[in-house]
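The next block holds one structure in the form of structure tokens; read it before the comments.
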Amino acid sequence: MTPNERYQQRLRRFVTALNNRKPDMIPVRPFAAEFTAVHAGYTCQQATQDYNIGFEAMIQCCKDYDWDAVPANMIYVWPGITDAASIRYYGVPGVDVPADRGFQYVEPPEEQSFMLADEYDRLIDDPTAFLYEVWLPRATRRIARAGEPNTYRSDIALVSSAMAMVQYFNAYGPHVGRLINEAGTPGALCGIFKAPLDILADKFRGYIGLTMDLFEQPDKVLKACEALMPHLHWLALQSSDPASQVPIGYWMHRGGVPFVKPEHFENIYWPTVRPIIEQLWKEGHQTMFYAEGNWDAHLDAFHELPERSIIFHIDRSDPQKAHDKLHDKFAISGGVSNVTLAIGTPQDVRAEVKKLIGILGKDGGYIMDASAIIQNDTKVENMRAMVEATREFGVYDDPDEPLEELTVRPNSGFEPFRPLPPATARPAGTCVTWQEHLQDISCEKVQGNPDLAERIWNMVDANGATYIWQMLLSF
């Protein structure tokens, strides 16, 4: 079979499962990060700091394992960007942490959080300006704060990190082409989304600061989440798969029990997530709920979403509960313990895979993967056992009829439960509006074609929004 034939076969298998249907066999979709470096003979430092090595390690794994779909590069945070910007919150392999360890997130002390408790109004009024004027300077060592004089080093940090982001993103096209043409492997994800409340905890207030705010000023927290919604939707949409084949990644961190109280989930977290997910579904895009931790307390809420609009990924959630609560509407992925993959035997892995298939895979709509991102502690022999056991126990004798079109789209006429709130200050995806620009250049009327001038300005201006919102969510 040629790589292209393998690619088509695997893509059909994967998309069929994403549609909560029964393909010929259960697809294997490992979110393999530093494991790829171990398999290919590289250190974590090499695969993290040189993205070309990370790309090569993923391609080598795709050639050596029968994987049906993969993220193009799960070692996603490139220090070329974060170092250029002088980001404070990452420990880089070989620099801040040992060369054989994955990168680390360093949460600042409560008194040094990147947003202060009395700054909610400023964030709510203009989120994009807040990111540039307040958040980015505090989250970095070099970029100048609003009102401070620019320096050579502060200008270089901003320009170099922006150019590094362009360089990095441009490298993905040829890499994805190699995955298809050399290994016959489809991508597993396209796009980035995080919940507004998770962003407040991860990158603004810190977890302790946010929990205090939830008790002391919950109305401000809710308004801040609502102000973030249109911008997070914009970034998810503009980074999504235009072919509507693979889902947008939604990395779920600290918005559920036990990190926040049930009423905070019900009154703040979920009302500011559900409209975005439903709007993305209306626009033709699934969202993968990468449910880090145990989200059993919220399965009923997730069931409110439209059929096939999400894939629920099991980390610490109970597989039987997830199946019983969600599988009538949504595909499910994951569940193989990372502990078993790290310290268990191949026999242990086989037994776990067989048990999960018996619970989650009997009716189709199941995708095999580890519970969490697969790092450098996973044994090579255990990865082989996971793939081989899936192929042994995960073949369907009665697959569904082939899909007419390899897409995951809503039924016609779907409307979200409620619309997204409008953006405050400026439209999502905008840094400086066209009208502001005209005022800057003291131009009352464009002499030539105004539509052309405005279109080019908006296109270029959106790059500034892409940079700052990607820095917030991805890096």
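Residue numbering restarts at 1 in every chain; chains get A, B, ... in the order shown in the structure tokens, and ligands count up from 1 in that same order.
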
Check which residues of stretch 65-114 of chain A sit at most 8 Å from stretch 186-199 of chain A using only C-alpha atoms, and return one row each with the closest pair of atoms and their distance in Å to one decimal, ordered by chain and rising number, as CSV.
residue,atom,partner,partner_atom,distance
A:Asp68,CA,A:Pro186,CA,6.9
A:Ala69,CA,A:Pro186,CA,4.9
A:Val70,CA,A:Ala188,CA,4.8
A:Pro71,CA,A:Ala188,CA,5.0
A:Ala72,CA,A:Gly187,CA,6.1

I need the residues from that last selection saved to file as a compact mmCIF listing (two decimals), in the first residue's frame (with N, CA, C and O atoms), if you can.
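Output contents, as saved in result-v1.txt:
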# COMPACT_ATOMS: atom_id res chain seq x y z
N ASP A 68 -2.97 5.90 13.36
CA ASP A 68 -3.95 6.36 12.38
C ASP A 68 -4.01 7.87 12.25
O ASP A 68 -4.40 8.39 11.20
N ALA A 69 -3.68 8.59 13.30
CA ALA A 69 -3.69 10.06 13.26
C ALA A 69 -2.82 10.56 14.40
O ALA A 69 -2.75 9.94 15.46
N VAL A 70 -2.18 11.71 14.18
CA VAL A 70 -1.29 12.27 15.20
C VAL A 70 -1.37 13.80 15.15
O VAL A 70 -1.66 14.37 14.10
N PRO A 71 -1.11 14.46 16.28
CA PRO A 71 -0.84 15.90 16.19
C PRO A 71 0.48 16.08 15.46
O PRO A 71 1.41 15.27 15.62
N ALA A 72 0.59 17.10 14.65
CA ALA A 72 1.81 17.27 13.86
C ALA A 72 3.06 17.32 14.74
O ALA A 72 4.12 16.82 14.36

Please build the interface table for stretch 24-107 of chain A against stretch 466-471 of chain A with a cut-off of 12 Å, listing for each qualifying residue the nearest atom pair and the distance in Å to one decimal; count only C-alpha atoms, order rows by chain and increasing number, and write it as a Markdown table.
| residue | atom | partner | partner_atom | distance |
| --- | --- | --- | --- | --- |
| A:Tyr76 | CA | A:Gln470 | CA | 12.0 |
| A:Val77 | CA | A:Met471 | CA | 10.0 |
| A:Trp78 | CA | A:Met471 | CA | 11.2 |
| A:Pro79 | CA | A:Met471 | CA | 11.9 |
| A:Ile81 | CA | A:Met471 | CA | 8.9 |
| A:Thr82 | CA | A:Met471 | CA | 8.5 |
| A:Ala84 | CA | A:Met471 | CA | 11.9 |
| A:Ala85 | CA | A:Met471 | CA | 9.6 |
| A:Ser86 | CA | A:Met471 | CA | 11.9 |
| A:Ile87 | CA | A:Met471 | CA | 9.7 |
| A:Tyr89 | CA | A:Met471 | CA | 11.9 |

Would you mind listing, for every residue of stretch 261-282 of chain A within 10 Å of stretch 287-310 of chain A, the two atoms forming the shortest contact and the distance between them in Å to one decimal, using only C-alpha atoms, sorted by chain and ascending residue number, as a Markdown table?
| residue | atom | partner | partner_atom | distance |
| --- | --- | --- | --- | --- |
| A:Pro262 | CA | A:Ala297 | CA | 8.4 |
| A:Phe265 | CA | A:His298 | CA | 8.6 |
| A:Glu266 | CA | A:Ala301 | CA | 8.6 |
| A:Trp270 | CA | A:Ala301 | CA | 8.0 |
| A:Arg274 | CA | A:Leu305 | CA | 7.4 |
| A:Pro275 | CA | A:Leu305 | CA | 9.5 |
| A:Ile276 | CA | A:Thr287 | CA | 9.9 |
| A:Ile277 | CA | A:Thr287 | CA | 6.8 |
| A:Glu278 | CA | A:Leu305 | CA | 7.1 |
| A:Leu280 | CA | A:Thr287 | CA | 7.8 |
| A:Trp281 | CA | A:Ser309 | CA | 5.8 |
| A:Lys282 | CA | A:Ser309 | CA | 9.0 |

Generate a file of the selected residues that holds N, CA, C and O atoms, formatted as a compact mmCIF listing (two decimals), in the first residue's frame.
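Wrote again.txt, looks like this:
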# COMPACT_ATOMS: atom_id res chain seq x y z
N PRO A 262 -18.89 23.61 42.52
CA PRO A 262 -19.90 23.32 41.49
C PRO A 262 -20.66 24.56 41.02
O PRO A 262 -20.93 24.69 39.83
N PHE A 265 -18.67 26.42 38.48
CA PHE A 265 -18.75 25.77 37.16
C PHE A 265 -20.07 26.11 36.49
O PHE A 265 -20.11 26.48 35.32
N GLU A 266 -21.16 26.00 37.24
CA GLU A 266 -22.50 26.17 36.66
C GLU A 266 -22.79 27.62 36.28
O GLU A 266 -23.48 27.88 35.29
N TRP A 270 -19.18 27.16 32.73
CA TRP A 270 -19.92 26.53 31.64
C TRP A 270 -20.69 27.53 30.79
O TRP A 270 -20.70 27.43 29.56
N ARG A 274 -19.95 26.97 26.77
CA ARG A 274 -20.95 26.34 25.90
C ARG A 274 -21.27 27.16 24.65
O ARG A 274 -21.30 26.61 23.53
N PRO A 275 -21.50 28.48 24.75
CA PRO A 275 -21.82 29.24 23.53
C PRO A 275 -20.70 29.21 22.49
O PRO A 275 -20.98 29.22 21.28
N ILE A 276 -19.45 29.16 22.93
CA ILE A 276 -18.34 29.12 21.97
C ILE A 276 -18.32 27.77 21.25
O ILE A 276 -18.17 27.72 20.02
N ILE A 277 -18.47 26.70 22.01
CA ILE A 277 -18.46 25.36 21.41
C ILE A 277 -19.60 25.23 20.40
O ILE A 277 -19.42 24.69 19.30
N GLU A 278 -20.77 25.73 20.76
CA GLU A 278 -21.92 25.61 19.86
C GLU A 278 -21.77 26.51 18.64
O GLU A 278 -22.19 26.13 17.54
N LEU A 280 -18.87 27.31 17.25
CA LEU A 280 -17.90 26.62 16.41
C LEU A 280 -18.56 25.45 15.67
O LEU A 280 -18.25 25.19 14.50
N TRP A 281 -19.47 24.76 16.34
CA TRP A 281 -20.18 23.66 15.69
C TRP A 281 -21.06 24.17 14.55
O TRP A 281 -21.11 23.59 13.47
N LYS A 282 -21.75 25.28 14.80
CA LYS A 282 -22.56 25.88 13.74
C LYS A 282 -21.69 26.21 12.53
O LYS A 282 -22.13 26.09 11.38

Might you pull out every residue within 7 Å of A:Ile367, with only C-alpha atoms counted and same-chain residues fewer than 2 positions away left off, and present them as a CSV table (one decimal) with N, CA, C and O atoms, in the first residue's frame?
chain,number,residue,atom,x,y,z
A,17,ALA,N,-14.8,7.5,13.1
A,17,ALA,CA,-14.9,7.4,14.6
A,17,ALA,C,-15.3,8.8,15.2
A,17,ALA,O,-16.1,8.9,16.2
A,26,ILE,N,-10.9,0.3,15.4
A,26,ILE,CA,-10.7,1.4,16.2
A,26,ILE,C,-9.4,2.1,15.8
A,26,ILE,O,-8.3,1.5,15.8
A,27,PRO,N,-9.5,3.4,15.6
A,27,PRO,CA,-8.3,4.2,15.2
A,27,PRO,C,-7.4,4.4,16.4
A,27,PRO,O,-7.8,4.6,17.6
A,28,VAL,N,-6.1,4.4,16.2
A,28,VAL,CA,-5.1,4.7,17.2
A,28,VAL,C,-4.6,6.1,17.0
A,28,VAL,O,-4.0,6.4,15.9
A,29,ARG,N,-4.7,7.0,18.0
A,29,ARG,CA,-4.4,8.4,17.8
A,29,ARG,C,-3.6,8.9,19.1
A,29,ARG,O,-4.1,9.5,19.9
A,332,ILE,N,-15.6,9.2,22.0
A,332,ILE,CA,-14.8,9.2,23.2
A,332,ILE,C,-13.4,8.7,22.8
A,332,ILE,O,-13.2,7.8,21.9
A,333,SER,N,-12.4,9.3,23.4
A,333,SER,CA,-11.0,8.9,23.2
A,333,SER,C,-10.3,8.7,24.5
A,333,SER,O,-10.7,9.2,25.5
A,334,GLY,N,-9.1,8.0,24.4
A,334,GLY,CA,-8.2,7.9,25.6
A,334,GLY,C,-8.6,6.9,26.6
A,334,GLY,O,-9.3,5.9,26.3
A,365,GLY,N,-17.2,4.7,17.5
A,365,GLY,CA,-17.1,6.0,18.2
A,365,GLY,C,-16.0,6.1,19.3
A,365,GLY,O,-16.1,6.9,20.2
A,369,ASP,N,-6.1,6.0,22.8
A,369,ASP,CA,-5.0,6.9,23.1
A,369,ASP,C,-4.7,6.7,24.6
A,369,ASP,O,-5.6,6.1,25.4

Inset, instruction - Find, counting only C-alpha atoms, the residue in A:Gln375, A:Thr151, A:Gln286, A:Asn382 that gets nearest to A:Glu352. - result: A:Asn382

Legend entry - A:Gln435 environment, 12 Å, only C-alpha atoms, sequence neighbours closer than 3 positions dropped, as a VMD selection string: chain A and resid 426 430 to 432 438 to 446 450 453 to 454 457 to 458

Restrict the selected residues to N, CA and C atoms and save them as an mmCIF file, in the first residue's frame.
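Written out: selection16.cif:
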data_model
loop_
_atom_site.group_PDB
_atom_site.id
_atom_site.type_symbol
_atom_site.label_atom_id
_atom_site.label_comp_id
_atom_site.auth_asym_id
_atom_site.auth_seq_id
_atom_site.Cartn_x
_atom_site.Cartn_y
_atom_site.Cartn_z
ATOM 1 N N ARG A 426 -13.088 46.801 20.698
ATOM 2 C CA ARG A 426 -12.716 46.595 19.299
ATOM 3 C C ARG A 426 -13.108 45.168 18.906
ATOM 4 N N THR A 430 -8.818 42.090 15.944
ATOM 5 C CA THR A 430 -8.423 43.441 15.561
ATOM 6 C C THR A 430 -7.545 44.052 16.652
ATOM 7 N N CYS A 431 -6.503 44.751 16.234
ATOM 8 C CA CYS A 431 -5.692 45.540 17.161
ATOM 9 C C CYS A 431 -5.971 47.033 17.006
ATOM 10 N N VAL A 432 -5.930 47.499 15.762
ATOM 11 C CA VAL A 432 -6.230 48.897 15.447
ATOM 12 C C VAL A 432 -7.245 48.890 14.309
ATOM 13 N N LEU A 438 -7.141 55.501 9.991
ATOM 14 C CA LEU A 438 -7.352 56.711 9.198
ATOM 15 C C LEU A 438 -7.106 57.969 10.033
ATOM 16 N N GLN A 439 -7.510 57.925 11.291
ATOM 17 C CA GLN A 439 -7.252 59.063 12.167
ATOM 18 C C GLN A 439 -5.755 59.243 12.415
ATOM 19 N N ASP A 440 -5.047 58.129 12.525
ATOM 20 C CA ASP A 440 -3.594 58.198 12.764
ATOM 21 C C ASP A 440 -2.878 58.913 11.618
ATOM 22 N N ILE A 441 -3.334 58.642 10.401
ATOM 23 C CA ILE A 441 -2.649 59.219 9.243
ATOM 24 C C ILE A 441 -3.336 60.492 8.752
ATOM 25 N N SER A 442 -4.321 60.946 9.565
ATOM 26 C CA SER A 442 -5.042 62.193 9.237
ATOM 27 C C SER A 442 -5.606 62.175 7.824
ATOM 28 N N CYS A 443 -6.245 61.053 7.492
ATOM 29 C CA CYS A 443 -6.807 60.891 6.142
ATOM 30 C C CYS A 443 -8.325 60.858 6.245
ATOM 31 N N GLU A 444 -8.960 61.877 5.711
ATOM 32 C CA GLU A 444 -10.412 61.927 5.756
ATOM 33 C C GLU A 444 -11.056 61.057 4.681
ATOM 34 N N LYS A 445 -10.376 60.892 3.545
ATOM 35 C CA LYS A 445 -10.950 60.126 2.443
ATOM 36 C C LYS A 445 -9.828 59.489 1.638
ATOM 37 N N VAL A 446 -9.946 58.183 1.386
ATOM 38 C CA VAL A 446 -8.965 57.480 0.566
ATOM 39 C C VAL A 446 -9.158 57.910 -0.888
ATOM 40 N N PRO A 450 -11.061 52.578 -1.645
ATOM 41 C CA PRO A 450 -11.054 52.462 -0.181
ATOM 42 C C PRO A 450 -11.213 51.022 0.296
ATOM 43 N N ALA A 453 -7.790 49.318 0.234
ATOM 44 C CA ALA A 453 -6.937 49.803 1.312
ATOM 45 C C ALA A 453 -7.372 49.251 2.662
ATOM 46 N N GLU A 454 -8.673 49.240 2.903
ATOM 47 C CA GLU A 454 -9.190 48.728 4.183
ATOM 48 C C GLU A 454 -8.944 47.224 4.312
ATOM 49 N N TRP A 457 -5.291 46.614 5.141
ATOM 50 C CA TRP A 457 -5.010 47.026 6.519
ATOM 51 C C TRP A 457 -5.537 45.994 7.519
ATOM 52 N N ASN A 458 -6.778 45.548 7.323
ATOM 53 C CA ASN A 458 -7.371 44.581 8.249
ATOM 54 C C ASN A 458 -6.617 43.258 8.228
#

Residues within 12 Å of A:Leu420, please, as an mmCIF file with all heavy atoms, in the first residue's frame. Count only C-alpha atoms; anything in the same chain fewer than 5 positions from it doesn't count.
data_model
loop_
_atom_site.group_PDB
_atom_site.id
_atom_site.type_symbol
_atom_site.label_atom_id
_atom_site.label_comp_id
_atom_site.auth_asym_id
_atom_site.auth_seq_id
_atom_site.Cartn_x
_atom_site.Cartn_y
_atom_site.Cartn_z
ATOM 1 N N CYS A 225 -14.692 36.771 31.901
ATOM 2 C CA CYS A 225 -14.851 35.596 31.043
ATOM 3 C C CYS A 225 -15.680 35.941 29.810
ATOM 4 O O CYS A 225 -15.358 35.516 28.694
ATOM 5 C CB CYS A 225 -15.508 34.465 31.828
ATOM 6 S SG CYS A 225 -14.446 33.697 33.076
ATOM 7 N N GLU A 226 -16.741 36.710 29.995
ATOM 8 C CA GLU A 226 -17.575 37.105 28.860
ATOM 9 C C GLU A 226 -16.801 37.992 27.891
ATOM 10 O O GLU A 226 -16.973 37.883 26.668
ATOM 11 C CB GLU A 226 -18.820 37.826 29.374
ATOM 12 C CG GLU A 226 -19.790 36.905 30.108
ATOM 13 C CD GLU A 226 -20.940 37.642 30.753
ATOM 14 O OE1 GLU A 226 -20.818 38.863 30.977
ATOM 15 O OE2 GLU A 226 -21.977 36.994 31.048
ATOM 16 N N ALA A 227 -15.943 38.860 28.425
ATOM 17 C CA ALA A 227 -15.148 39.724 27.544
ATOM 18 C C ALA A 227 -14.139 38.926 26.736
ATOM 19 O O ALA A 227 -13.789 39.311 25.606
ATOM 20 C CB ALA A 227 -14.432 40.785 28.383
ATOM 21 N N LEU A 228 -13.658 37.810 27.285
ATOM 22 C CA LEU A 228 -12.692 36.971 26.574
ATOM 23 C C LEU A 228 -13.347 36.105 25.501
ATOM 24 O O LEU A 228 -12.685 35.695 24.538
ATOM 25 C CB LEU A 228 -11.942 36.070 27.567
ATOM 26 C CG LEU A 228 -10.981 36.757 28.532
ATOM 27 C CD1 LEU A 228 -10.527 35.773 29.609
ATOM 28 C CD2 LEU A 228 -9.771 37.317 27.797
ATOM 29 N N MET A 229 -14.632 35.812 25.652
ATOM 30 C CA MET A 229 -15.297 34.840 24.780
ATOM 31 C C MET A 229 -15.143 35.119 23.285
ATOM 32 O O MET A 229 -14.747 34.212 22.533
ATOM 33 C CB MET A 229 -16.779 34.743 25.150
ATOM 34 C CG MET A 229 -17.056 34.039 26.462
ATOM 35 S SD MET A 229 -18.800 34.163 26.951
ATOM 36 C CE MET A 229 -19.603 33.132 25.714
ATOM 37 N N PRO A 230 -15.468 36.320 22.784
ATOM 38 C CA PRO A 230 -15.375 36.520 21.325
ATOM 39 C C PRO A 230 -13.960 36.383 20.799
ATOM 40 O O PRO A 230 -13.764 35.938 19.664
ATOM 41 C CB PRO A 230 -15.922 37.926 21.121
ATOM 42 C CG PRO A 230 -15.870 38.590 22.444
ATOM 43 C CD PRO A 230 -16.016 37.510 23.466
ATOM 44 N N HIS A 231 -12.959 36.725 21.598
ATOM 45 C CA HIS A 231 -11.571 36.621 21.158
ATOM 46 C C HIS A 231 -11.112 35.161 21.113
ATOM 47 O O HIS A 231 -10.420 34.740 20.174
ATOM 48 C CB HIS A 231 -10.678 37.443 22.092
ATOM 49 C CG HIS A 231 -11.055 38.883 22.147
ATOM 50 N ND1 HIS A 231 -10.608 39.802 21.224
ATOM 51 C CD2 HIS A 231 -11.879 39.557 22.999
ATOM 52 C CE1 HIS A 231 -11.123 40.993 21.511
ATOM 53 N NE2 HIS A 231 -11.894 40.871 22.571
ATOM 54 N N LEU A 232 -11.516 34.385 22.113
ATOM 55 C CA LEU A 232 -11.152 32.970 22.123
ATOM 56 C C LEU A 232 -11.858 32.227 20.995
ATOM 57 O O LEU A 232 -11.283 31.308 20.385
ATOM 58 C CB LEU A 232 -11.484 32.359 23.484
ATOM 59 C CG LEU A 232 -10.744 32.982 24.671
ATOM 60 C CD1 LEU A 232 -11.201 32.343 25.978
ATOM 61 C CD2 LEU A 232 -9.231 32.853 24.516
ATOM 62 N N HIS A 233 -13.098 32.605 20.717
ATOM 63 C CA HIS A 233 -13.802 32.018 19.572
ATOM 64 C C HIS A 233 -13.087 32.367 18.274
ATOM 65 O O HIS A 233 -12.896 31.521 17.403
ATOM 66 C CB HIS A 233 -15.246 32.508 19.528
ATOM 67 C CG HIS A 233 -15.902 32.270 18.208
ATOM 68 N ND1 HIS A 233 -16.043 33.265 17.247
ATOM 69 C CD2 HIS A 233 -16.426 31.143 17.643
ATOM 70 C CE1 HIS A 233 -16.631 32.767 16.184
ATOM 71 N NE2 HIS A 233 -16.881 31.482 16.386
ATOM 72 N N TRP A 234 -12.681 33.623 18.128
ATOM 73 C CA TRP A 234 -12.004 34.053 16.904
ATOM 74 C C TRP A 234 -10.729 33.251 16.678
ATOM 75 O O TRP A 234 -10.481 32.769 15.557
ATOM 76 C CB TRP A 234 -11.683 35.543 16.983
ATOM 77 C CG TRP A 234 -10.809 36.005 15.851
ATOM 78 C CD1 TRP A 234 -11.191 36.313 14.579
ATOM 79 C CD2 TRP A 234 -9.377 36.175 15.880
ATOM 80 N NE1 TRP A 234 -10.100 36.668 13.815
ATOM 81 C CE2 TRP A 234 -8.981 36.595 14.592
ATOM 82 C CE3 TRP A 234 -8.414 36.014 16.873
ATOM 83 C CZ2 TRP A 234 -7.634 36.841 14.277
ATOM 84 C CZ3 TRP A 234 -7.080 36.271 16.571
ATOM 85 C CH2 TRP A 234 -6.702 36.686 15.276
ATOM 86 N N PRO A 271 -21.339 28.556 31.382
ATOM 87 C CA PRO A 271 -22.038 29.532 30.528
ATOM 88 C C PRO A 271 -21.121 30.322 29.600
ATOM 89 O O PRO A 271 -21.595 30.903 28.623
ATOM 90 C CB PRO A 271 -22.699 30.471 31.550
ATOM 91 C CG PRO A 271 -22.824 29.669 32.789
ATOM 92 C CD PRO A 271 -21.612 28.785 32.812
ATOM 93 N N THR A 272 -19.811 30.350 29.892
ATOM 94 C CA THR A 272 -18.896 31.074 29.010
ATOM 95 C C THR A 272 -18.086 30.134 28.115
ATOM 96 O O THR A 272 -17.235 30.598 27.360
ATOM 97 C CB THR A 272 -17.940 31.962 29.833
ATOM 98 O OG1 THR A 272 -17.237 31.177 30.800
ATOM 99 C CG2 THR A 272 -18.719 33.057 30.541
ATOM 100 N N VAL A 273 -18.365 28.841 28.186
ATOM 101 C CA VAL A 273 -17.755 27.856 27.283
ATOM 102 C C VAL A 273 -18.772 27.345 26.274
ATOM 103 O O VAL A 273 -18.519 27.301 25.073
ATOM 104 C CB VAL A 273 -17.159 26.672 28.072
ATOM 105 C CG1 VAL A 273 -16.795 25.524 27.127
ATOM 106 C CG2 VAL A 273 -15.918 27.111 28.836
ATOM 107 N N ARG A 274 -19.949 26.965 26.772
ATOM 108 C CA ARG A 274 -20.948 26.338 25.897
ATOM 109 C C ARG A 274 -21.271 27.162 24.654
ATOM 110 O O ARG A 274 -21.301 26.608 23.534
ATOM 111 C CB ARG A 274 -22.215 26.044 26.695
ATOM 112 C CG ARG A 274 -23.304 25.401 25.857
ATOM 113 C CD ARG A 274 -24.542 25.085 26.671
ATOM 114 N NE ARG A 274 -25.625 24.574 25.826
ATOM 115 C CZ ARG A 274 -26.841 24.251 26.265
ATOM 116 N NH1 ARG A 274 -27.126 24.369 27.554
ATOM 117 N NH2 ARG A 274 -27.759 23.810 25.428
ATOM 118 N N PRO A 275 -21.497 28.483 24.754
ATOM 119 C CA PRO A 275 -21.816 29.238 23.528
ATOM 120 C C PRO A 275 -20.701 29.205 22.487
ATOM 121 O O PRO A 275 -20.981 29.217 21.282
ATOM 122 C CB PRO A 275 -22.050 30.663 24.049
ATOM 123 C CG PRO A 275 -22.428 30.503 25.479
ATOM 124 C CD PRO A 275 -21.613 29.341 25.960
ATOM 125 N N ILE A 276 -19.447 29.164 22.927
ATOM 126 C CA ILE A 276 -18.335 29.116 21.968
ATOM 127 C C ILE A 276 -18.320 27.775 21.251
ATOM 128 O O ILE A 276 -18.169 27.721 20.021
ATOM 129 C CB ILE A 276 -16.995 29.358 22.688
ATOM 130 C CG1 ILE A 276 -17.012 30.705 23.416
ATOM 131 C CG2 ILE A 276 -15.842 29.310 21.678
ATOM 132 C CD1 ILE A 276 -15.762 30.968 24.235
ATOM 133 N N ILE A 277 -18.466 26.700 22.011
ATOM 134 C CA ILE A 277 -18.460 25.361 21.407
ATOM 135 C C ILE A 277 -19.597 25.229 20.404
ATOM 136 O O ILE A 277 -19.418 24.685 19.298
ATOM 137 C CB ILE A 277 -18.572 24.278 22.499
ATOM 138 C CG1 ILE A 277 -17.433 24.398 23.522
ATOM 139 C CG2 ILE A 277 -18.585 22.886 21.870
ATOM 140 C CD1 ILE A 277 -16.052 24.332 22.941
ATOM 141 N N GLU A 278 -20.771 25.726 20.761
ATOM 142 C CA GLU A 278 -21.923 25.611 19.862
ATOM 143 C C GLU A 278 -21.775 26.509 18.638
ATOM 144 O O GLU A 278 -22.195 26.128 17.537
ATOM 145 C CB GLU A 278 -23.209 25.918 20.626
ATOM 146 C CG GLU A 278 -23.497 24.869 21.692
ATOM 147 C CD GLU A 278 -24.892 24.979 22.276
ATOM 148 O OE1 GLU A 278 -25.539 26.030 22.073
ATOM 149 O OE2 GLU A 278 -25.331 24.015 22.932
ATOM 150 N N GLN A 279 -21.175 27.685 18.803
ATOM 151 C CA GLN A 279 -20.935 28.537 17.649
ATOM 152 C C GLN A 279 -19.924 27.908 16.706
ATOM 153 O O GLN A 279 -20.087 27.947 15.476
ATOM 154 C CB GLN A 279 -20.464 29.922 18.095
ATOM 155 C CG GLN A 279 -20.230 30.903 16.955
ATOM 156 C CD GLN A 279 -21.485 31.219 16.164
ATOM 157 O OE1 GLN A 279 -22.596 31.222 16.710
ATOM 158 N NE2 GLN A 279 -21.327 31.482 14.875
ATOM 159 N N LEU A 280 -18.874 27.308 17.253
ATOM 160 C CA LEU A 280 -17.899 26.615 16.410
ATOM 161 C C LEU A 280 -18.556 25.451 15.671
ATOM 162 O O LEU A 280 -18.252 25.191 14.501
ATOM 163 C CB LEU A 280 -16.732 26.108 17.267
ATOM 164 C CG LEU A 280 -15.801 27.182 17.843
ATOM 165 C CD1 LEU A 280 -14.838 26.567 18.849
ATOM 166 C CD2 LEU A 280 -15.035 27.890 16.739
ATOM 167 N N GLU A 415 -28.801 26.011 15.483
ATOM 168 C CA GLU A 415 -28.540 27.318 16.072
ATOM 169 C C GLU A 415 -28.056 27.129 17.503
ATOM 170 O O GLU A 415 -28.589 26.294 18.240
ATOM 171 C CB GLU A 415 -29.799 28.187 16.068
ATOM 172 C CG GLU A 415 -30.203 28.679 14.694
ATOM 173 C CD GLU A 415 -29.176 29.626 14.081
ATOM 174 O OE1 GLU A 415 -28.480 30.313 14.856
ATOM 175 O OE2 GLU A 415 -29.072 29.660 12.831
ATOM 176 N N ALA A 428 -13.095 41.299 17.731
ATOM 177 C CA ALA A 428 -12.129 40.219 17.888
ATOM 178 C C ALA A 428 -11.296 40.085 16.617
ATOM 179 O O ALA A 428 -11.806 40.249 15.504
ATOM 180 C CB ALA A 428 -12.848 38.910 18.183
#

Inset, instruction - Can you list, as a list of chain:residue names, all residues belonging to stretch 304-356 of chain A that DSSP tags as helix (DSSP H, G or I)? - result: A:Pro319, A:Gln320, A:Lys321, A:Ala322, A:His323, A:Asp324, A:Lys325, A:Leu326, A:Asn338, A:Val339, A:Thr340, A:Leu341, A:Ala342, A:Ile343, A:Pro346, A:Gln347, A:Asp348, A:Val349, A:Arg350, A:Ala351, A:Glu352, A:Val353, A:Lys354, A:Lys355, A:Leu356

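In this structure, atom CA of A:Glu216 sits 24.0 Å away from atom CA of A:Met252.
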
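Non-sequential neighbours of stretch 200-203 of chain A (distance at most 9 Å, separation of 4 or more positions within a chain, only C-alpha atoms) are Glu107, Ser113, Phe114, Met115, Trp135, Ala139, Ala195, Pro196, Tyr207, Ile208, Gly209, Leu210, Thr211, Val221, Ala224, Cys225, His253, Arg254, Gly255, Leu472 and Leu473 of chain A.
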
Legend entry - Nearby residues (only C-alpha atoms) at most 8 Å from A:Gln245, same-chain spacing under 4 positions excluded, as a PyMOL selection string: chain A and resi 15+241+406-408

Legend entry - Top pick for closest residue to A:Val460, considering A:Asn267, A:Gln447, A:Thr433, A:Thr36 and counting only C-alpha atoms: A:Thr433

Inset, instruction - Going by DSSP on the backbone, which bits of stretch 230-445 of chain A are strand (DSSP E)? Write them as a PyMOL selection string, please. - result: chain A and resi 248-252+287-291+310-314+331-334+366-367

Inset, instruction - State, in Å with one decimal place, the distance from atom CA of A:Gly394 to atom CA of A:Asp377. - result: 25.6 Å

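When only C-alpha atoms are used to compute distances to A:Tyr366, the closest of the residues A:Gly94, A:Gly147, A:Gly344, A:Pro319 turns out to be A:Pro319.
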
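The coordinates place atom CA of A:Ala162 at 24.3 Å from atom CA of A:Cys44.
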